[in-house]
Amino acid sequence: RVLFGGAMLGEVLGVERRRRWSEDEKLEILSEVGVRGASMTQVAQRHEITRSQIYGWRRELKEKGLWSPDRGAVFLPVDFGSCREPASASTPARSVPIELRLSNGRCLRFDSGIDEEALTRLIRAVETA
């Protein structure tokens, strides 16, 4: 900074640019959040944008019907009955722990005795968080 006639002049460090992002680029950046545990902050820093910009894109693309929390999610039928031993009147069915890795990098651990509807609600809640 240089003083000139008692006034301080600023220095120009670089050219400010306004970047334009296509909807496909926005979707690609949005889909990086949660992959291998990447946080919103980490994704924003990687692309030199702000977190609020990502939140804004998500809101904008949801309104246009281009973004869904379930985007890219694949649900497969699971038969928990095959994991259990046959139940008899005297011994209750033995439950086993199950670990499920989701596409966003998160991991769910639950008991094989979990209700199918409860599991579906749990997966959707974790995918949208």
# chains A, B, ... in the order shown; residues from 1 in each chain; ligands from 1
$ residues_around --residues "stretch 26-40 of chain A" --least-positions-apart "5" --cutoff "8 Å" --atoms "only C-alpha atoms" --output "PyMOL selection string"
chain A and resi 21+51+54+57-58+67+103-106
$ write_last_selection --atoms "all heavy atoms" --output "tab-separated table (two decimals), in the first residue's frame"
chain	number	residue	atom	x	y	z
A	21	TRP	N	-21.47	-21.42	-14.16
A	21	TRP	CA	-21.51	-22.86	-14.00
A	21	TRP	C	-22.74	-23.39	-14.71
A	21	TRP	O	-23.85	-22.88	-14.53
A	21	TRP	CB	-21.60	-23.23	-12.52
A	21	TRP	CG	-20.47	-22.72	-11.69
A	21	TRP	CD1	-20.40	-21.53	-11.05
A	21	TRP	CD2	-19.24	-23.38	-11.42
A	21	TRP	NE1	-19.20	-21.40	-10.39
A	21	TRP	CE2	-18.47	-22.53	-10.59
A	21	TRP	CE3	-18.70	-24.61	-11.78
A	21	TRP	CZ2	-17.21	-22.88	-10.13
A	21	TRP	CZ3	-17.45	-24.95	-11.30
A	21	TRP	CH2	-16.71	-24.09	-10.50
A	51	ARG	N	-19.79	-22.31	0.59
A	51	ARG	CA	-20.82	-23.29	0.94
A	51	ARG	C	-22.21	-22.76	0.60
A	51	ARG	O	-23.06	-23.50	0.12
A	51	ARG	CB	-20.76	-23.61	2.43
A	51	ARG	CG	-19.57	-24.40	2.83
A	51	ARG	CD	-19.57	-24.72	4.28
A	51	ARG	NE	-20.46	-23.85	5.05
A	51	ARG	CZ	-20.65	-23.91	6.33
A	51	ARG	NH1	-20.02	-24.80	7.03
A	51	ARG	NH2	-21.45	-23.10	6.96
A	54	ILE	N	-23.21	-23.52	-2.85
A	54	ILE	CA	-23.66	-24.91	-3.05
A	54	ILE	C	-25.08	-25.08	-2.55
A	54	ILE	O	-25.92	-25.69	-3.21
A	54	ILE	CB	-22.70	-25.90	-2.36
A	54	ILE	CG1	-21.32	-25.86	-3.04
A	54	ILE	CG2	-23.27	-27.32	-2.42
A	54	ILE	CD1	-20.28	-26.73	-2.37
A	57	TRP	N	-27.38	-23.51	-5.07
A	57	TRP	CA	-27.53	-24.37	-6.25
A	57	TRP	C	-28.47	-25.52	-5.95
A	57	TRP	O	-29.32	-25.87	-6.78
A	57	TRP	CB	-26.19	-24.95	-6.68
A	57	TRP	CG	-25.23	-23.96	-7.28
A	57	TRP	CD1	-25.49	-22.68	-7.66
A	57	TRP	CD2	-23.85	-24.19	-7.56
A	57	TRP	NE1	-24.35	-22.10	-8.16
A	57	TRP	CE2	-23.33	-23.01	-8.11
A	57	TRP	CE3	-23.01	-25.27	-7.39
A	57	TRP	CZ2	-22.01	-22.88	-8.50
A	57	TRP	CZ3	-21.69	-25.15	-7.78
A	57	TRP	CH2	-21.20	-23.96	-8.34
A	58	ARG	N	-28.33	-26.12	-4.78
A	58	ARG	CA	-29.19	-27.25	-4.43
A	58	ARG	C	-30.66	-26.81	-4.40
A	58	ARG	O	-31.52	-27.48	-4.95
A	58	ARG	CB	-28.76	-27.83	-3.08
A	58	ARG	CG	-29.48	-29.11	-2.74
A	58	ARG	CD	-28.86	-29.84	-1.61
A	58	ARG	NE	-28.85	-29.05	-0.39
A	58	ARG	CZ	-28.32	-29.48	0.75
A	58	ARG	NH1	-27.74	-30.65	0.82
A	58	ARG	NH2	-28.35	-28.72	1.82
A	67	TRP	N	-32.66	-31.87	-9.07
A	67	TRP	CA	-31.91	-32.45	-7.95
A	67	TRP	C	-32.88	-33.09	-6.98
A	67	TRP	O	-33.91	-32.53	-6.64
A	67	TRP	CB	-31.10	-31.38	-7.22
A	67	TRP	CG	-30.41	-31.92	-6.01
A	67	TRP	CD1	-30.76	-31.76	-4.71
A	67	TRP	CD2	-29.24	-32.74	-5.98
A	67	TRP	NE1	-29.89	-32.40	-3.89
A	67	TRP	CE2	-28.94	-33.02	-4.64
A	67	TRP	CE3	-28.40	-33.27	-6.97
A	67	TRP	CZ2	-27.85	-33.80	-4.26
A	67	TRP	CZ3	-27.33	-34.04	-6.59
A	67	TRP	CH2	-27.05	-34.29	-5.25
A	103	SER	N	-24.25	-44.85	-0.97
A	103	SER	CA	-23.52	-44.23	-2.07
A	103	SER	C	-22.87	-42.91	-1.68
A	103	SER	O	-21.92	-42.48	-2.30
A	103	SER	CB	-24.46	-44.01	-3.27
A	103	SER	OG	-25.51	-43.14	-2.89
A	104	ASN	N	-23.38	-42.24	-0.64
A	104	ASN	CA	-22.81	-40.96	-0.23
A	104	ASN	C	-21.61	-41.13	0.69
A	104	ASN	O	-21.11	-40.17	1.25
A	104	ASN	CB	-23.87	-40.09	0.44
A	104	ASN	CG	-24.41	-40.68	1.72
A	104	ASN	OD1	-23.93	-41.68	2.22
A	104	ASN	ND2	-25.43	-40.05	2.26
A	105	GLY	N	-21.16	-42.39	0.89
A	105	GLY	CA	-20.00	-42.65	1.71
A	105	GLY	C	-20.33	-42.94	3.17
A	105	GLY	O	-19.46	-43.32	3.93
A	106	ARG	N	-21.57	-42.76	3.55
A	106	ARG	CA	-21.96	-43.03	4.93
A	106	ARG	C	-22.20	-44.52	5.13
A	106	ARG	O	-22.41	-45.27	4.20
A	106	ARG	CB	-23.21	-42.25	5.28
A	106	ARG	CG	-22.93	-40.74	5.27
A	106	ARG	CD	-24.10	-39.98	5.77
A	106	ARG	NE	-23.75	-38.57	5.81
A	106	ARG	CZ	-24.59	-37.62	5.52
A	106	ARG	NH1	-25.82	-37.91	5.21
A	106	ARG	NH2	-24.21	-36.36	5.57
$ residues_around --residues "A:Ile49" --least-positions-apart "6" --cutoff "10 Å" --atoms "only C-alpha atoms" --output "PyMOL selection string"
chain A and resi 19+41+43
$ atom_distance --atom1 "atom CA of A:Glu127" --atom2 "atom CA of A:Cys107"
10.4 Å
$ atom_distance --atom1 "atom CA of A:Gly56" --atom2 "atom CA of A:Arg18"
16.2 Å
$ residues_around --residues "A:Ile114" --least-positions-apart "4" --cutoff "10 Å" --atoms "only C-alpha atoms" --output "PyMOL selection string"
chain A and resi 80+95+110+118-119
